[in-house]
>>> print(open('target.txt').read())   # compact mmCIF, C-alpha atoms
# COMPACT_ATOMS: atom_id res chain seq x y z
CA ASP A 1 53.32 27.27 46.75
CA MET A 2 49.98 28.91 47.50
CA PRO A 3 47.51 30.52 45.10
CA HIS A 4 47.59 34.30 45.42
CA ASP A 5 45.78 37.46 44.30
CA VAL A 6 46.69 39.31 41.12
CA TYR A 7 45.11 42.26 39.34
CA ARG A 8 44.53 41.79 35.62
CA PRO A 9 43.36 44.32 33.00
CA GLU A 10 39.78 43.55 32.08
CA ARG A 11 36.84 44.97 30.21
CA ALA A 12 33.76 44.70 32.40
CA LYS A 13 30.64 45.85 30.59
CA SER A 14 27.88 48.11 31.90
CA ASN A 15 25.49 47.84 29.01
CA GLY A 16 22.54 46.21 30.72
CA VAL A 17 19.17 47.82 31.28
CA PRO A 18 16.49 46.91 33.84
CA GLY A 19 14.72 43.83 32.59
CA GLY A 20 17.43 42.96 30.07
CA ASP A 21 20.56 40.84 30.05
CA VAL A 22 23.69 42.38 31.56
CA LEU A 23 27.17 41.40 30.37
CA VAL A 24 29.20 40.85 33.53
CA ASN A 25 32.59 40.44 31.84
CA ASP A 26 34.01 40.38 28.31
CA PRO A 27 37.75 39.81 28.42
CA ASP A 28 39.82 38.25 25.64
CA TRP A 29 39.15 34.80 27.05
CA SER A 30 36.21 32.59 27.91
CA SER A 31 34.74 32.44 31.40
CA ASN A 32 32.71 29.62 32.89
CA ASN A 33 31.11 28.13 36.02
CA PRO A 34 29.89 31.28 37.75
CA ALA A 35 28.99 31.36 41.43
CA MET A 36 27.18 34.33 42.99
CA THR A 37 26.24 35.72 46.40
CA SER A 38 25.02 38.99 47.92
CA THR A 39 25.43 41.26 50.93
CA LEU A 40 22.59 42.29 53.19
CA GLY A 41 22.72 45.68 51.50
CA GLY A 42 22.13 44.14 48.08
CA ASP A 43 25.64 44.24 46.60
CA LEU A 44 26.23 41.25 44.32
CA TRP A 45 29.48 39.31 43.91
CA ILE A 46 30.40 36.75 41.21
CA VAL A 47 33.42 34.48 40.83
CA VAL A 48 34.10 32.77 37.46
CA GLU A 49 36.73 30.50 35.96
CA ASP A 50 39.09 31.65 33.23
CA VAL A 51 38.95 28.58 31.00
CA ARG A 52 41.69 29.34 28.47
CA PRO A 53 44.01 26.32 28.10
CA GLY A 54 47.00 26.87 30.34
CA SER A 55 45.43 29.78 32.18
CA HIS A 56 44.95 29.23 35.90
CA TYR A 57 42.77 32.08 37.17
CA LEU A 58 39.52 32.78 38.96
CA ASP A 59 38.11 36.28 38.37
CA ILE A 60 35.90 38.11 40.90
CA TYR A 61 33.40 40.84 39.94
CA ALA A 62 31.02 43.00 41.99
CA SER A 63 27.87 45.02 41.36
CA MET A 64 26.79 47.84 43.66
CA ASN A 65 23.60 48.74 41.75
CA ASP A 66 21.39 45.64 41.81
CA GLY A 67 23.30 43.87 39.04
CA TYR A 68 22.81 46.50 36.33
CA SER A 69 26.56 47.05 35.95
CA TRP A 70 29.67 45.22 37.17
CA ILE A 71 33.23 46.09 38.10
CA TYR A 72 36.27 43.85 38.13
CA TYR A 73 37.57 43.28 41.67
CA ILE A 74 40.51 40.86 41.75
CA SER A 75 41.76 37.53 40.38
CA ILE A 76 43.15 34.46 42.09
CA TRP A 77 46.10 32.84 40.31
CA GLY A 78 46.87 29.16 40.72
CA GLY A 79 50.45 29.23 39.43
CA ASP A 80 51.12 26.12 37.35
CA LEU A 81 47.86 24.42 38.42
CA ASP A 82 44.32 25.17 37.24
CA LEU A 83 41.67 26.65 39.53
CA THR A 84 38.14 25.29 39.06
CA ASN A 85 34.66 24.87 40.57
CA PRO A 86 34.46 27.99 42.75
CA SER A 87 31.85 28.52 45.45
CA ILE A 88 31.21 31.90 47.09
CA ALA A 89 29.61 33.24 50.27
CA ILE A 90 29.43 36.54 52.16
CA ALA A 91 29.02 36.74 55.93
CA GLU A 92 28.15 39.88 57.87
CA GLY A 93 28.19 40.48 61.61
CA ASN A 94 31.12 41.02 63.94
CA LYS A 95 33.24 40.70 60.81
CA ASN A 96 32.15 41.29 57.20
CA ARG A 97 33.93 38.87 54.94
CA LEU A 98 33.87 37.45 51.41
CA LEU A 99 34.79 33.75 51.17
CA VAL A 100 35.63 31.80 48.02
CA ALA A 101 36.26 28.04 48.03
CA TYR A 102 37.75 26.32 45.00
CA GLU A 103 39.66 23.35 43.61
CA ARG A 104 43.26 23.52 42.50
CA GLY A 105 44.99 20.95 40.31
CA ARG A 106 42.11 18.62 39.45
CA GLY A 107 43.45 15.55 37.66
CA THR A 108 46.98 16.00 39.01
CA GLY A 109 48.79 14.45 41.95
CA ASN A 110 48.58 17.81 43.73
CA ALA A 111 44.82 18.27 43.86
CA ALA A 112 43.69 20.50 46.72
CA ILE A 113 40.81 22.53 48.18
CA TYR A 114 41.45 26.14 49.24
CA VAL A 115 39.41 28.91 50.83
CA ARG A 116 40.22 32.58 50.19
CA TYR A 117 38.88 35.17 52.66
CA ASP A 118 38.67 38.91 52.16
CA ASP A 119 37.45 41.46 54.72
CA LEU A 120 35.04 43.88 53.09
CA GLU A 121 35.63 46.77 55.48
CA GLU A 122 38.45 49.25 54.90
CA GLY A 123 41.76 48.14 56.35
CA GLY A 124 40.71 44.48 56.46
CA THR A 125 42.86 41.50 55.66
CA THR A 126 42.91 38.82 52.99
CA GLY A 127 44.30 35.33 53.13
CA THR A 128 44.19 31.85 51.65
CA VAL A 129 43.85 28.62 53.64
CA LEU A 130 44.69 25.13 52.38
CA ILE A 131 41.85 22.85 53.48
CA GLU A 132 43.12 19.54 52.09
CA SER A 133 45.59 18.26 49.53
CA ASN A 134 45.03 14.73 48.22
CA SER A 135 46.79 12.97 45.36
CA VAL A 136 43.67 10.89 44.62
CA GLY A 137 41.59 14.03 44.20
CA VAL A 138 39.30 16.42 46.07
CA PHE A 139 36.27 17.78 44.25
CA ASP A 140 33.39 20.26 44.10
CA PRO A 141 33.71 22.41 47.26
CA GLN A 142 30.61 24.22 48.46
CA ILE A 143 30.68 26.87 51.18
CA CYS A 144 27.96 28.52 53.29
CA VAL A 145 27.71 30.63 56.45
CA ASP A 146 25.27 30.95 59.35
CA SER A 147 25.04 34.70 58.80
CA PRO A 148 22.85 36.73 59.27
CA GLU A 149 21.47 34.44 61.99
CA TYR A 150 24.54 34.90 64.18
CA PRO A 151 26.78 37.99 64.35
CA ASN A 152 29.61 35.71 65.55
CA TRP A 153 29.12 33.59 62.44
CA TRP A 154 30.84 30.39 61.32
CA PRO A 155 31.55 29.25 57.76
CA TYR A 156 30.95 25.63 56.70
CA LEU A 157 32.48 23.68 53.81
CA THR A 158 31.69 20.36 52.16
CA TYR A 159 33.35 18.54 49.25
CA THR A 160 34.15 15.03 48.01
CA ARG A 161 37.42 13.13 48.24
CA GLY A 162 38.71 10.33 46.02
CA VAL A 163 39.45 6.93 47.50
CA ILE A 164 42.48 5.10 46.11
CA THR A 165 40.93 1.64 46.50
CA LYS A 166 37.54 2.52 44.96
CA GLN A 167 36.93 3.64 41.40
CA ASP A 168 34.08 6.16 41.00
CA ARG A 169 33.29 6.05 44.72
CA TYR A 170 34.10 9.01 46.93
CA ASP A 171 34.01 10.24 50.52
CA LEU A 172 31.73 13.11 51.54
CA VAL A 173 33.83 15.51 53.64
CA PHE A 174 32.90 18.37 56.00
CA THR A 175 34.80 21.06 57.86
CA ARG A 176 34.04 24.37 59.61
CA SER A 177 35.81 27.39 61.04
CA PHE A 178 35.42 29.03 64.45
CA ASP A 179 37.42 32.17 63.57
CA TYR A 180 35.66 33.54 60.47
CA GLY A 181 37.66 31.35 58.06
CA ASP A 182 41.18 32.15 59.30
CA SER A 183 41.66 28.48 60.22
CA TRP A 184 39.59 25.33 59.77
CA GLN A 185 38.96 22.09 61.62
CA ILE A 186 40.56 18.91 60.33
CA PRO A 187 38.17 17.69 57.60
CA THR A 188 35.82 14.90 58.70
CA THR A 189 34.42 12.12 56.50
CA LEU A 190 30.64 12.10 56.90
CA GLU A 191 29.73 9.41 54.36
CA THR A 192 31.50 6.97 52.05
CA ASP A 193 30.70 5.57 48.59
CA VAL A 194 29.03 8.74 47.29
CA SER A 195 29.24 9.86 43.68
CA ILE A 196 30.31 13.14 42.09
CA ALA A 197 27.33 13.37 39.72
CA GLY A 198 26.86 17.06 40.37
CA GLY A 199 28.77 17.21 43.62
CA PRO A 200 27.38 18.06 47.08
CA ASP A 201 25.67 21.25 48.24
CA ILE A 202 25.32 22.84 51.68
CA ASP A 203 23.11 25.48 53.32
CA TYR A 204 22.23 26.75 56.78
CA GLY A 205 18.80 27.96 57.86
CA GLY A 206 16.21 27.58 60.60
CA SER A 207 18.96 26.67 63.11
CA ASN A 208 19.94 23.60 61.07
CA LEU A 209 22.72 22.73 58.63
CA TYR A 210 21.93 20.61 55.55
CA ILE A 211 24.15 18.76 53.06
CA VAL A 212 22.74 17.08 49.94
CA TYR A 213 24.64 14.75 47.62
CA PRO A 214 24.15 11.97 45.04
CA ARG A 215 25.02 8.34 45.68
CA TYR A 216 25.38 5.46 43.22
CA VAL A 217 22.79 2.77 43.93
CA THR A 218 22.69 0.58 40.82
CA GLY A 219 25.50 0.73 38.30
CA TYR A 220 25.79 4.41 37.48
CA MET A 221 22.29 5.38 38.58
CA ASN A 222 22.15 7.89 41.44
CA ASP A 223 19.79 8.68 44.28
CA VAL A 224 19.79 11.96 46.21
CA TYR A 225 20.48 11.96 49.96
CA VAL A 226 20.34 14.60 52.68
CA LEU A 227 22.20 14.98 55.97
CA ARG A 228 21.01 17.29 58.76
CA SER A 229 22.87 18.72 61.72
CA LEU A 230 21.00 20.30 64.64
CA ASP A 231 24.15 21.55 66.38
CA LEU A 232 26.14 23.52 63.79
CA GLY A 233 27.94 20.49 62.39
CA SER A 234 29.11 18.91 65.66
CA SER A 235 26.97 15.84 64.95
CA TRP A 236 24.76 14.66 62.11
CA ASP A 237 21.53 12.72 61.79
CA SER A 238 21.63 9.49 59.81
CA GLU A 239 21.50 10.11 56.07
CA LEU A 240 18.06 10.11 54.49
CA VAL A 241 17.40 9.09 50.91
CA LEU A 242 15.03 11.53 49.22
CA ALA A 243 14.93 10.42 45.60
CA HIS A 244 14.96 6.61 45.35
CA ASN A 245 13.67 5.13 42.09
CA SER A 246 14.79 3.65 38.79
CA GLN A 247 15.72 7.04 37.32
CA ASP A 248 19.09 8.77 37.57
CA ASP A 249 18.94 11.70 40.05
CA THR A 250 21.87 14.12 40.00
CA ASP A 251 23.03 17.72 40.58
CA PRO A 252 21.25 18.39 43.89
CA SER A 253 20.93 21.87 45.39
CA VAL A 254 19.57 22.86 48.82
CA ALA A 255 18.11 26.07 50.28
CA ALA A 256 16.87 26.59 53.84
CA THR A 257 14.92 29.64 55.01
CA TYR A 258 16.59 31.96 57.49
CA GLY A 259 13.73 32.45 59.92
CA GLY A 260 11.48 29.43 59.43
CA ASP A 261 11.34 25.68 58.95
CA ALA A 262 11.05 25.47 55.16
CA VAL A 263 13.80 23.56 53.33
CA VAL A 264 13.94 22.62 49.64
CA VAL A 265 16.18 20.13 47.84
CA ALA A 266 16.01 20.25 44.04
CA PHE A 267 17.76 17.98 41.54
CA THR A 268 17.81 16.72 37.94
CA ARG A 269 15.88 13.51 37.21
CA GLU A 270 16.49 11.67 33.93
CA TYR A 271 13.46 9.93 32.41
CA ALA A 272 15.20 9.48 29.06
CA PRO A 273 18.37 10.82 27.43
CA THR A 274 16.24 13.53 25.80
CA ASN A 275 13.91 14.15 28.76
CA THR A 276 15.20 15.39 32.10
CA ASP A 277 13.17 17.35 34.64
CA ILE A 278 13.85 19.42 37.75
CA GLU A 279 12.11 17.93 40.76
CA SER A 280 12.29 18.73 44.44
CA PHE A 281 11.64 17.46 47.91
CA VAL A 282 10.33 20.05 50.35
CA SER A 283 10.13 20.09 54.12
CA GLU A 284 7.98 22.43 56.20
CA ASP A 285 9.25 21.11 59.54
CA ALA A 286 13.01 21.71 59.33
CA GLY A 287 13.80 18.37 57.72
CA ASP A 288 11.71 16.03 59.88
CA SER A 289 9.57 15.02 56.89
CA TRP A 290 9.80 15.54 53.12
CA ASN A 291 7.35 15.60 50.20
CA LEU A 292 7.95 15.41 46.45
CA SER A 293 7.21 18.51 44.39
CA TYR A 294 7.68 19.19 40.67
CA LEU A 295 9.17 22.36 39.26
CA PRO A 296 7.76 23.57 35.91
CA TRP A 297 8.69 21.04 33.24
CA THR A 298 8.49 20.27 29.53
CA SER A 299 9.05 17.13 27.48
CA ALA A 300 12.59 18.31 26.69
CA LEU A 301 15.70 18.87 28.84
CA GLU A 302 15.75 20.73 32.13
CA ALA A 303 18.91 20.42 34.21
CA LYS A 304 21.46 22.07 36.54
CA VAL A 305 19.24 23.76 39.12
CA ASP A 306 20.45 26.27 41.71
CA LEU A 307 18.42 27.35 44.76
CA VAL A 308 18.55 30.26 47.20
CA ALA A 309 16.25 31.40 50.02
CA SER A 310 15.31 35.02 50.65
CA VAL A 311 16.57 36.63 53.84
CA GLU A 312 13.91 36.79 56.58
CA LEU A 313 11.54 34.27 54.99
CA GLY A 314 9.96 35.46 51.73
CA ARG A 315 10.57 33.17 48.77
CA ILE A 316 12.69 30.22 47.72
CA HIS A 317 14.12 30.98 44.27
CA ALA A 318 15.24 28.50 41.60
CA ALA A 319 17.10 28.88 38.29
CA PHE A 320 17.82 26.05 35.86
CA TRP A 321 18.96 25.29 32.32
CA ASN A 322 16.31 24.41 29.68
CA GLU A 323 17.42 23.92 26.07
CA HIS A 324 19.80 26.95 26.13
CA VAL A 325 17.25 29.04 28.04
CA ILE A 326 17.68 29.85 31.72
CA GLN A 327 14.36 29.44 33.50
CA TYR A 328 13.40 31.06 36.81
CA THR A 329 10.68 30.08 39.26
CA TRP A 330 9.89 30.58 42.93
CA ALA A 331 7.83 29.21 45.79
CA ASN A 332 6.64 30.99 48.92
CA TRP A 333 8.21 29.80 52.17
CA GLU A 334 4.74 29.09 53.57
CA SER A 335 4.04 26.71 50.67
CA PRO A 336 7.46 25.58 49.39
CA GLY A 337 6.03 22.82 47.22
CA THR A 338 3.94 25.17 45.07
CA TRP A 339 6.14 26.53 42.27
CA MET A 340 5.12 29.44 40.08
CA PRO A 341 5.18 29.12 36.26
CA ALA A 342 8.72 29.33 34.92
CA GLU A 343 9.94 32.56 33.32
CA PRO A 344 12.77 32.66 30.74
CA ILE A 345 15.63 34.84 31.96
CA ASN A 346 18.12 35.17 29.11
CA ASP A 347 17.34 37.15 25.96
CA GLY A 348 19.54 35.34 23.47
CA GLY A 349 18.72 31.69 24.17
CA ALA A 350 22.42 30.84 24.16
CA ALA A 351 23.06 29.54 27.67
CA ALA A 352 26.00 27.15 27.63
CA ILE A 353 25.29 23.42 27.75
CA GLY A 354 26.06 21.59 30.97
CA VAL A 355 26.78 24.68 33.11
CA ARG A 356 24.70 25.35 36.20
CA PRO A 357 23.32 28.90 36.44
CA THR A 358 23.74 30.69 39.76
CA ILE A 359 21.13 32.64 41.71
CA ALA A 360 21.35 35.10 44.59
CA VAL A 361 18.85 37.23 46.47
CA ASN A 362 18.92 40.98 46.88
CA PRO A 363 17.96 41.49 50.53
CA SER A 364 17.56 45.24 50.05
CA LYS A 365 14.56 44.61 47.81
CA ALA A 366 11.81 42.31 49.02
CA GLN A 367 11.55 39.02 47.12
CA GLU A 368 13.97 39.99 44.35
CA ALA A 369 16.53 37.59 42.87
CA CYS A 370 19.46 37.91 40.46
CA VAL A 371 20.45 35.11 38.06
CA ALA A 372 23.80 34.69 36.28
CA TRP A 373 24.84 32.11 33.70
CA THR A 374 27.46 31.21 31.09
CA ASP A 375 26.45 32.45 27.63
CA THR A 376 27.77 31.60 24.15
CA ARG A 377 26.27 34.41 22.05
CA ILE A 378 29.54 36.34 21.61
CA GLU A 379 31.41 34.54 18.81
CA LEU A 380 33.27 31.54 20.25
CA GLN A 381 33.73 33.04 23.70
CA TYR A 382 31.57 32.55 26.75
>>> encode(input="target.txt", output="structure tokens")
Amino acid sequence: DMPHDVYRPERAKSNGVPGGDVLVNDPDWSSNNPAMTSTLGGDLWIVVEDVRPGSHYLDIYASMNDGYSWIYYISIWGGDLDLTNPSIAIAEGNKNRLLVAYERGRGTGNAAIYVRYDDLEEGGTTGTVLIESNSVGVFDPQICVDSPEYPNWWPYLTYTRGVITKQDRYDLVFTRSFDYGDSWQIPTTLETDVSIAGGPDIDYGGSNLYIVYPRYVTGYMNDVYVLRSLDLGSSWDSELVLAHNSQDDTDPSVAATYGGDAVVVAFTREYAPTNTDIESFVSEDAGDSWNLSYLPWTSALEAKVDLVASVELGRIHAAFWNEHVIQYTWANWESPGTWMPAEPINDGGAAAIGVRPTIAVNPSKAQEACVAWTDTRIELQY
């Protein structure tokens, strides 16, 4: 059986004000693991997990007014298997389409990766494509598109796959679609023996495709690696280790500028159990060379960074978790290693532990970003 769309009664809130926190959803259940994207016109879209025990839904919301209020759009139901770890992208060109990738059945013998597509113009179609089913497990899908660079755009997908003969070692997998997500190539293994300490990430920009991922190097310590493709995923350069040291480096994120050669990879580095920082490697020559750069840090815990690049150059934006506060910073594409002082985003200081915030740009407003996160301030729900 396939996951399918359902419409559920909900109670989306519209009680935010400019400069203040906005409650995206407040149903009678907890939501978690948001992922967000935007259209070229500035509409924002979020997908979240319904994390009630025994509930197997992803819920999708949209904002048509710069994130100040949100409406419920649709839900995806997984039947008797849970849906987790969604990733979201919007492509615009010859076809305008919303794409959501997600896991189904993690921890079961029926684990699978799916992609749901939804045409955003009136009279469009929706559909769901099974990418891979694997009894050993498939994990942490991330999706991106090469829109707006190309009107005849392609979507790209990466994830990790379990290996039956190797405990805690995984394959890094890649696939793409030539028909706007209607069908996908047979998934290809790009690398072996990677870890799932934060999963992979993928982005397209400056005519190149980039995948970042962690790999175990000593025991359970991780380094961060990057792969680059110069031909839309047909072939890949040899992997390059970015963060190689005695610390544990996890949760990488990548953002590449649309019209230039700036690329940033950010990740969590653990100096001690009570001291983790967000650090980055930046390239100003489309991935030919990389330099270490530090995001704003404290002596406490910073973790779970997400990156996004503005459309048509501009800024590279970052959001990360810091002791229940979501911090925001940015760097100009002409100097991607120079990060501005961090600004706290959430009012209540109740950002959920261990959940990556999500960040998207609003292309209709120059150098503006929107940040969403999982919050625990409302009783026991989040």
>>> residues_around(input="target.txt", residues="Val308 (chain A)", least_positions_apart="4", cutoff="10 Å", atoms="only C-alpha atoms", output="list in words")
Thr37, Asp203, Ser253, Val254, Ala255, Ala256, Thr257, Val264, Arg315, Ile316, His317, Ala318, Ala319, Trp330, Thr358, Ile359, Ala360, Val361 and Ala369 of chain A
>>> closest_atom_pairs(input="target.txt", of="region 49-120 of chain A", to="region 26-35 of chain A", cutoff="6 Å", atoms="all atoms listed in the file", output="Markdown table")
| residue | atom | partner | partner_atom | distance |
| --- | --- | --- | --- | --- |
| A:Glu49 | CA | A:Asn32 | CA | 5.1 |
| A:Asp50 | CA | A:Ser31 | CA | 4.8 |
| A:Val51 | CA | A:Ser31 | CA | 5.7 |
| A:Ser87 | CA | A:Ala35 | CA | 5.7 |
>>> closest_residue(input="target.txt", among="A:Val22, A:Met221, A:Ala89, A:Leu230", to="Glu270 (chain A)", atoms="all atoms listed in the file")
A:Met221
>>> residues_around(input="target.txt", residues="Pro336 (chain A)", least_positions_apart="6", cutoff="8 Å", atoms="all atoms listed in the file", output="NGL selection string")
:A and (262-264 or 282-284 or 316)
>>> closest_residue(input="target.txt", among="A:Gly354, A:Asn110, A:Ala372, A:Ser147", to="Tyr68 (chain A)", atoms="only C-alpha atoms")
A:Ala372
>>> closest_residue(input="target.txt", among="A:Asp251, A:Asp288, A:Asp223, A:Asp201", to="Ser238 (chain A)", atoms="only C-alpha atoms")
A:Asp288
>>> atom_distance(input="target.txt", atom1="CA of Thr84 (chain A)", atom2="CA of Arg8 (chain A)")
18.0 Å
>>> atom_distance(input="target.txt", atom1="CA of Arg169 (chain A)", atom2="CA of Lys304 (chain A)")
21.5 Å
>>> atom_distance(input="target.txt", atom1="CA of Ala272 (chain A)", atom2="CA of Tyr170 (chain A)")
26.0 Å
>>> closest_residue(input="target.txt", among="A:Trp297, A:Gly123, A:Ile196, A:Thr374", to="Asn25 (chain A)", atoms="all atoms listed in the file")
A:Thr374
>>> residues_around(input="target.txt", residues="Ala351 (chain A)", least_positions_apart="6", cutoff="10 Å", atoms="only C-alpha atoms", output="list in words")
Trp321, Asn322, Glu323, His324, Val325, Ile326, Pro357, Trp373, Thr374, Asp375, Thr376, Arg377 and Tyr382 of chain A
>>> write_last_selection(input="target.txt", atoms="C-alpha atoms", output="compact mmCIF listing (two decimals), in the coordinates of the input")
# COMPACT_ATOMS: atom_id res chain seq x y z
CA TRP A 321 18.96 25.29 32.32
CA ASN A 322 16.31 24.41 29.68
CA GLU A 323 17.42 23.92 26.07
CA HIS A 324 19.80 26.95 26.13
CA VAL A 325 17.25 29.04 28.04
CA ILE A 326 17.68 29.85 31.72
CA PRO A 357 23.32 28.90 36.44
CA TRP A 373 24.84 32.11 33.70
CA THR A 374 27.46 31.21 31.09
CA ASP A 375 26.45 32.45 27.63
CA THR A 376 27.77 31.60 24.15
CA ARG A 377 26.27 34.41 22.05
CA TYR A 382 31.57 32.55 26.75
>>> residues_around(input="target.txt", residues="Val100 (chain A)", least_positions_apart="4", cutoff="6 Å", atoms="all atoms listed in the file", output="list in words")
Ser87, Ile88, Val115 and Arg116 of chain A
